[in-house]
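Report on one structure; see the data block that follows.
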Amino acid sequence: ATLGGGGAVSGIRTLKGVTVAPVAGGDPVDLGQVDSKTLLVLGTYAADFNAIEYAQRLRHYLPQLKEKGIDSFKMVLNASPEAALSLKDMLDIPDEVTLYADPSGEAGRKFGVGTGWRPDDTSLSPYLKLFGMLFGLGAWATLPAVIGGYIGNPNGNSGWIEGALAQGGRAGRWPDNALDLDGSGAVVENKFAELPLVGGWGRRPLELATLRLQNMVGVSIQNWGSLAPDVDKHPQVLTQLGGCVVVDEKGEVLYEFKDPGICAVANFDDVLAAL
């Protein structure tokens with residue numbers, strides 16, 4: 001198992017008794033009960049960078065995860081059912097991924113995700129706490145993750161980034177000039193691959209930063225009204241981080257990760273390597 005944040009590996013059993021409702025309708029399920037090889041994402045609120053990137057990575061890696069024997073995909077969002085369904089439509093999240101609504105974020109906290117900066121200080125505005133987290137307070141990996149999006153990584157993997165940029169381009173989100181798409185929306189050319197010296201890197205400089213700009217402008221800001229959490233009722237979810245766990249049919253952990261910062265989510269190549 002792999003752990004991104006601090007503390008001991010908790011496993012999916014910590015979620016026993018935590019019930020969430022599928023946003024598409026149906027009876028609530030106990031997240032701690034599994035009977036097949038399952039990948040569970042404990043997401044953040046629907047307008048958050050981490051939730052968006054988890055959905056985009058999962059969308060890209062779904063076929064490879066299936067080949068590894070995972071046949072149940074679940075994603076919990078700290079959001080209303082309406083906000084979760086809106087995000088599904090915006091990001092074209094596959095139907096194979098069952099989305100669940102958990103507006104209060106209880107499931108993530110039971111799992112042991114990070115709760116951000118000064119989570120118990122009710123005198124401090126949650127928006128001020130979130131601002132502090134952007135500089136690493138209570139979320140040490142935020143700045144390295146953000147900077148990494150600008151400088152790139154020769155050994156990284158940009159397949160999911162290209163796929164997400166293409167989906168955003170087809171949906172009309174800006175910036176849309178990193179890729180050339182044909183009439184069917186397929187990628188004809190990736191401008192980052194044409195960069196001198198670094199075009200052959202696994203993840204080119206500015207590539208991930210461009211996707212994050214597209215996500216921020218075209219998903220989070222433009223749709224804040226429909227995706228934002230109910231901060232008055234559940235202020236803690238604004239600063240709560242997420243995580244990801246894969247278990248076998250007996251509930252034994254095969255992979256586990258807890259986000260150590262904003263934009264610092266599970267690397268799905270690591271997920272595949274662990275299976």
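As shown in the structure tokens, the chain order sets the letters A, B, ...; within each chain, residues go from 1, and ligands are also counted from 1 in the order they appear.
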Could you list, with a cut-off of 9 Å and counting only C-alpha atoms, the residues of region 24-113 of chain A near region 229-241 of chain A, each shown with its nearest atom pair and the distance in Å rounded to one decimal, rows sorted by chain and ascending number, as JSON lines?
{"residue": "A:Leu42", "atom": "CA", "partner": "A:Leu241", "partner_atom": "CA", "distance": 8.6}
{"residue": "A:Gly43", "atom": "CA", "partner": "A:Leu241", "partner_atom": "CA", "distance": 7.5}
{"residue": "A:Thr44", "atom": "CA", "partner": "A:Leu241", "partner_atom": "CA", "distance": 6.0}
{"residue": "A:Tyr45", "atom": "CA", "partner": "A:Pro229", "partner_atom": "CA", "distance": 6.1}
{"residue": "A:Ala46", "atom": "CA", "partner": "A:Pro229", "partner_atom": "CA", "distance": 7.4}
{"residue": "A:Ala47", "atom": "CA", "partner": "A:Pro229", "partner_atom": "CA", "distance": 8.1}
{"residue": "A:Asp48", "atom": "CA", "partner": "A:Leu238", "partner_atom": "CA", "distance": 8.4}
{"residue": "A:Asn50", "atom": "CA", "partner": "A:Leu241", "partner_atom": "CA", "distance": 7.6}
{"residue": "A:Asn78", "atom": "CA", "partner": "A:Val237", "partner_atom": "CA", "distance": 6.7}
{"residue": "A:Ala79", "atom": "CA", "partner": "A:Pro229", "partner_atom": "CA", "distance": 5.8}
{"residue": "A:Ser80", "atom": "CA", "partner": "A:Pro229", "partner_atom": "CA", "distance": 7.6}
{"residue": "A:Ala83", "atom": "CA", "partner": "A:Pro229", "partner_atom": "CA", "distance": 8.4}
{"residue": "A:Pro103", "atom": "CA", "partner": "A:Pro229", "partner_atom": "CA", "distance": 7.3}
{"residue": "A:Ser104", "atom": "CA", "partner": "A:His234", "partner_atom": "CA", "distance": 5.6}
{"residue": "A:Gly105", "atom": "CA", "partner": "A:Val237", "partner_atom": "CA", "distance": 6.0}
{"residue": "A:Gly108", "atom": "CA", "partner": "A:Leu241", "partner_atom": "CA", "distance": 8.0}
{"residue": "A:Arg109", "atom": "CA", "partner": "A:Gln240", "partner_atom": "CA", "distance": 8.2}
{"residue": "A:Val113", "atom": "CA", "partner": "A:Leu241", "partner_atom": "CA", "distance": 5.9}
Exercise for the section: May I have all residues of region 94-161 of chain A that DSSP, computed from the backbone, assigns to strand (DSSP E), given as a PyMOL selection string? Expected result: chain A and resi 97-101
Writer output for current selection, C-alpha atoms, as a tab-separated table (two decimals), in the first residue's frame:
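Output file selection-v9.tsv follows:
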chain	number	residue	atom	x	y	z
A	97	VAL	CA	-17.82	5.34	-12.25
A	98	THR	CA	-20.59	5.47	-9.65
A	99	LEU	CA	-20.76	8.92	-8.08
A	100	TYR	CA	-21.95	9.43	-4.50
A	101	ALA	CA	-22.93	12.62	-2.71
Sorted by chain and rising residue number, list the residues of region 2-76 of chain A at most 9 Å from region 161-183 of chain A (counting only C-alpha atoms), each with its closest atom pair and distance in Å to one decimal, as CSV.
residue,atom,partner,partner_atom,distance
A:Glu53,CA,A:Ala164,CA,8.9
A:Gln56,CA,A:Ala164,CA,6.0
A:Arg57,CA,A:Ile161,CA,7.9
A:Arg59,CA,A:Ala164,CA,8.6
A:His60,CA,A:Gly163,CA,6.8
Once you have the residues from the selection above, write them out as a compact mmCIF listing (two decimals), in the first residue's frame, restricted to all heavy atoms.
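Below is the file that was written, part_6.txt:
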# COMPACT_ATOMS: atom_id res chain seq x y z
N GLU A 53 -9.26 16.81 -10.87
CA GLU A 53 -8.15 16.01 -11.38
C GLU A 53 -8.36 14.52 -11.14
O GLU A 53 -7.99 13.70 -11.98
CB GLU A 53 -6.82 16.48 -10.79
CG GLU A 53 -6.34 17.79 -11.39
CD GLU A 53 -4.88 18.08 -11.10
OE1 GLU A 53 -4.10 17.14 -10.82
OE2 GLU A 53 -4.50 19.26 -11.17
N GLN A 56 -10.61 13.43 -13.93
CA GLN A 56 -9.93 13.42 -15.22
C GLN A 56 -8.93 12.27 -15.33
O GLN A 56 -8.83 11.61 -16.37
CB GLN A 56 -9.22 14.76 -15.45
CG GLN A 56 -10.20 15.91 -15.67
CD GLN A 56 -9.55 17.27 -15.69
OE1 GLN A 56 -8.55 17.51 -15.01
NE2 GLN A 56 -10.13 18.19 -16.46
N ARG A 57 -8.22 12.00 -14.26
CA ARG A 57 -7.27 10.88 -14.27
C ARG A 57 -8.02 9.55 -14.35
O ARG A 57 -7.63 8.65 -15.11
CB ARG A 57 -6.39 10.93 -13.01
CG ARG A 57 -5.42 12.11 -12.99
CD ARG A 57 -4.70 12.20 -11.65
NE ARG A 57 -3.99 13.46 -11.49
CZ ARG A 57 -2.66 13.57 -11.39
NH1 ARG A 57 -1.90 12.50 -11.45
NH2 ARG A 57 -2.10 14.75 -11.24
N ARG A 59 -10.95 8.97 -15.59
CA ARG A 59 -11.53 8.84 -16.93
C ARG A 59 -10.50 8.27 -17.90
O ARG A 59 -10.82 7.39 -18.72
CB ARG A 59 -12.02 10.22 -17.40
CG ARG A 59 -12.65 10.24 -18.78
CD ARG A 59 -13.15 11.65 -19.10
NE ARG A 59 -13.81 11.72 -20.40
CZ ARG A 59 -13.17 11.94 -21.54
NH1 ARG A 59 -11.86 12.13 -21.55
NH2 ARG A 59 -13.85 11.99 -22.68
N HIS A 60 -9.26 8.75 -17.84
CA HIS A 60 -8.22 8.30 -18.76
C HIS A 60 -7.75 6.88 -18.45
O HIS A 60 -7.54 6.07 -19.36
CB HIS A 60 -7.02 9.26 -18.70
CG HIS A 60 -5.84 8.80 -19.49
ND1 HIS A 60 -5.76 8.95 -20.87
CD2 HIS A 60 -4.69 8.16 -19.12
CE1 HIS A 60 -4.62 8.44 -21.30
NE2 HIS A 60 -3.96 7.97 -20.26
- Message: Applying 10 Å and only C-alpha atoms, which residues near Ile147 (chain A) remain after dropping the ones on its own chain fewer than 3 positions away? List them as an NGL selection string.
- Response: :A and (142-144 or 150-152 or 205-206 or 208-209)
Do a neighbour search on Asp95 (chain A) at 12 Å with only C-alpha atoms, toss out local chain neighbours closer than 2 positions, and write the hits as an mmCIF file with N, CA and C atoms, in the first residue's frame.
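Wrote it out as out08.cif, contents follow:
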data_model
loop_
_atom_site.group_PDB
_atom_site.id
_atom_site.type_symbol
_atom_site.label_atom_id
_atom_site.label_comp_id
_atom_site.auth_asym_id
_atom_site.auth_seq_id
_atom_site.Cartn_x
_atom_site.Cartn_y
_atom_site.Cartn_z
ATOM 1 N N PRO A 22 -26.041 7.111 -4.088
ATOM 2 C CA PRO A 22 -25.614 7.345 -5.473
ATOM 3 C C PRO A 22 -26.389 8.508 -6.074
ATOM 4 N N VAL A 23 -25.688 9.394 -6.779
ATOM 5 C CA VAL A 23 -26.339 10.606 -7.277
ATOM 6 C C VAL A 23 -27.332 10.297 -8.402
ATOM 7 N N ALA A 24 -27.151 9.147 -9.049
ATOM 8 C CA ALA A 24 -28.069 8.782 -10.129
ATOM 9 C C ALA A 24 -29.355 8.162 -9.609
ATOM 10 N N ALA A 55 -11.209 13.002 -11.219
ATOM 11 C CA ALA A 55 -12.157 12.588 -12.250
ATOM 12 C C ALA A 55 -11.475 12.478 -13.611
ATOM 13 N N LEU A 58 -9.080 9.433 -13.581
ATOM 14 C CA LEU A 58 -9.853 8.189 -13.581
ATOM 15 C C LEU A 58 -10.469 7.940 -14.956
ATOM 16 N N ARG A 59 -10.950 8.972 -15.590
ATOM 17 C CA ARG A 59 -11.530 8.843 -16.926
ATOM 18 C C ARG A 59 -10.499 8.266 -17.901
ATOM 19 N N LEU A 62 -9.248 4.450 -16.792
ATOM 20 C CA LEU A 62 -10.272 3.440 -16.560
ATOM 21 C C LEU A 62 -10.030 2.134 -17.337
ATOM 22 N N SER A 72 -15.179 -2.424 -9.924
ATOM 23 C CA SER A 72 -16.079 -1.506 -9.239
ATOM 24 C C SER A 72 -15.350 -0.189 -9.016
ATOM 25 N N PHE A 73 -15.915 0.886 -9.549
ATOM 26 C CA PHE A 73 -15.304 2.216 -9.447
ATOM 27 C C PHE A 73 -16.284 3.150 -8.758
ATOM 28 N N LYS A 74 -15.851 3.727 -7.645
ATOM 29 C CA LYS A 74 -16.711 4.604 -6.864
ATOM 30 C C LYS A 74 -15.983 5.922 -6.604
ATOM 31 N N MET A 75 -16.717 7.002 -6.659
ATOM 32 C CA MET A 75 -16.152 8.313 -6.350
ATOM 33 C C MET A 75 -17.147 9.083 -5.505
ATOM 34 N N LEU A 85 -23.670 15.705 -10.264
ATOM 35 C CA LEU A 85 -24.139 15.413 -11.617
ATOM 36 C C LEU A 85 -23.673 16.477 -12.606
ATOM 37 N N LYS A 88 -20.124 15.659 -13.411
ATOM 38 C CA LYS A 88 -20.106 14.490 -14.298
ATOM 39 C C LYS A 88 -20.317 14.913 -15.747
ATOM 40 N N ASP A 89 -21.293 15.793 -15.968
ATOM 41 C CA ASP A 89 -21.571 16.252 -17.326
ATOM 42 C C ASP A 89 -20.435 17.106 -17.878
ATOM 43 N N LEU A 91 -17.226 17.067 -17.154
ATOM 44 C CA LEU A 91 -15.968 16.338 -17.371
ATOM 45 C C LEU A 91 -16.164 15.032 -18.123
ATOM 46 N N ASP A 92 -17.408 14.720 -18.477
ATOM 47 C CA ASP A 92 -17.702 13.477 -19.190
ATOM 48 C C ASP A 92 -17.194 12.265 -18.404
ATOM 49 N N ILE A 93 -17.527 12.234 -17.113
ATOM 50 C CA ILE A 93 -17.137 11.104 -16.265
ATOM 51 C C ILE A 93 -17.915 9.876 -16.721
ATOM 52 N N VAL A 97 -18.200 4.754 -13.532
ATOM 53 C CA VAL A 97 -17.818 5.337 -12.247
ATOM 54 C C VAL A 97 -19.098 5.769 -11.532
ATOM 55 N N THR A 98 -19.395 5.109 -10.426
ATOM 56 C CA THR A 98 -20.588 5.465 -9.650
ATOM 57 C C THR A 98 -20.247 6.635 -8.732
ATOM 58 N N LEU A 99 -20.979 7.724 -8.895
ATOM 59 C CA LEU A 99 -20.763 8.919 -8.078
ATOM 60 C C LEU A 99 -21.704 8.914 -6.878
#
For Cys244 (chain A), work out the shell of residues within 8 Å, counting only C-alpha atoms and skipping chain neighbours fewer than 3 positions away, then give it as a compact mmCIF listing (two decimals) with C-alpha atoms, in the first residue's frame.
# COMPACT_ATOMS: atom_id res chain seq x y z
CA LEU A 39 -11.27 1.54 -6.50
CA LEU A 40 -12.73 4.23 -4.28
CA VAL A 41 -11.92 7.92 -4.59
CA LEU A 42 -12.73 10.06 -1.57
CA TYR A 255 -3.09 0.74 -2.75
CA GLU A 256 -3.88 3.74 -0.59
CA PHE A 257 -3.18 7.45 -0.88
CA LYS A 258 -4.20 10.51 1.09
CA ALA A 266 -2.83 10.03 -6.46
Notebook entry, point to check: If you count only C-alpha atoms, which residues fall within 10 Å of Gly138 (chain A), apart from same-chain ones fewer than 4 positions away, as a PyMOL selection string?
Noted result: chain A and resi 114-119+129-130+132-134+142+239+260-261
Please produce a file of those selected residues containing N, CA and C atoms, as a PDB file, in the first residue's frame.
ATOM      1  N   GLY A 114      -6.665  14.491   4.920  1.00  0.00           N
ATOM      2  CA  GLY A 114      -6.220  15.729   5.533  1.00  0.00           C
ATOM      3  C   GLY A 114      -7.370  16.716   5.659  1.00  0.00           C
ATOM      4  N   THR A 115      -7.379  17.450   6.749  1.00  0.00           N
ATOM      5  CA  THR A 115      -8.471  18.408   6.974  1.00  0.00           C
ATOM      6  C   THR A 115      -8.006  19.854   6.863  1.00  0.00           C
ATOM      7  N   GLY A 116      -6.785  20.047   6.340  1.00  0.00           N
ATOM      8  CA  GLY A 116      -6.336  21.401   6.038  1.00  0.00           C
ATOM      9  C   GLY A 116      -5.777  22.160   7.224  1.00  0.00           C
ATOM     10  N   TRP A 117      -5.745  23.471   7.067  1.00  0.00           N
ATOM     11  CA  TRP A 117      -5.130  24.360   8.045  1.00  0.00           C
ATOM     12  C   TRP A 117      -6.147  24.788   9.098  1.00  0.00           C
ATOM     13  N   ARG A 118      -5.767  24.587  10.368  1.00  0.00           N
ATOM     14  CA  ARG A 118      -6.571  25.001  11.521  1.00  0.00           C
ATOM     15  C   ARG A 118      -8.028  24.543  11.400  1.00  0.00           C
ATOM     16  N   PRO A 119      -8.243  23.243  11.216  1.00  0.00           N
ATOM     17  CA  PRO A 119      -9.609  22.750  10.975  1.00  0.00           C
ATOM     18  C   PRO A 119     -10.567  22.985  12.141  1.00  0.00           C
ATOM     19  N   LYS A 129      -8.676  30.151   5.514  1.00  0.00           N
ATOM     20  CA  LYS A 129      -7.958  28.889   5.695  1.00  0.00           C
ATOM     21  C   LYS A 129      -7.528  28.322   4.341  1.00  0.00           C
ATOM     22  N   LEU A 130      -8.439  28.370   3.378  1.00  0.00           N
ATOM     23  CA  LEU A 130      -8.124  27.868   2.041  1.00  0.00           C
ATOM     24  C   LEU A 130      -6.990  28.670   1.414  1.00  0.00           C
ATOM     25  N   GLY A 132      -4.581  30.176   2.994  1.00  0.00           N
ATOM     26  CA  GLY A 132      -3.348  29.735   3.641  1.00  0.00           C
ATOM     27  C   GLY A 132      -2.852  28.400   3.094  1.00  0.00           C
ATOM     28  N   MET A 133      -3.786  27.515   2.766  1.00  0.00           N
ATOM     29  CA  MET A 133      -3.405  26.209   2.233  1.00  0.00           C
ATOM     30  C   MET A 133      -2.729  26.321   0.872  1.00  0.00           C
ATOM     31  N   LEU A 134      -3.081  27.351   0.113  1.00  0.00           N
ATOM     32  CA  LEU A 134      -2.438  27.554  -1.190  1.00  0.00           C
ATOM     33  C   LEU A 134      -0.944  27.800  -1.040  1.00  0.00           C
ATOM     34  N   THR A 142       1.242  21.315  -1.467  1.00  0.00           N
ATOM     35  CA  THR A 142       0.572  22.165  -2.451  1.00  0.00           C
ATOM     36  C   THR A 142       1.562  22.865  -3.375  1.00  0.00           C
ATOM     37  N   THR A 239     -11.871  23.115   2.947  1.00  0.00           N
ATOM     38  CA  THR A 239     -10.436  22.888   3.148  1.00  0.00           C
ATOM     39  C   THR A 239     -10.088  21.408   3.307  1.00  0.00           C
ATOM     40  N   PRO A 260      -1.723  15.019   0.173  1.00  0.00           N
ATOM     41  CA  PRO A 260      -0.984  15.858   1.117  1.00  0.00           C
ATOM     42  C   PRO A 260      -1.061  17.347   0.792  1.00  0.00           C
ATOM     43  N   GLY A 261      -1.859  17.714  -0.205  1.00  0.00           N
ATOM     44  CA  GLY A 261      -1.979  19.121  -0.543  1.00  0.00           C
ATOM     45  C   GLY A 261      -2.960  19.335  -1.671  1.00  0.00           C
TER      46      GLY A 261
END
Margin query: To test your reading of the structure, identify every residue in region 53-189 of chain A that backbone DSSP assigns to helix (DSSP H, G or I), and report it as a PyMOL selection string.
Written below: chain A and resi 53-67+81-91+106-111+126-133+142-151+159-170
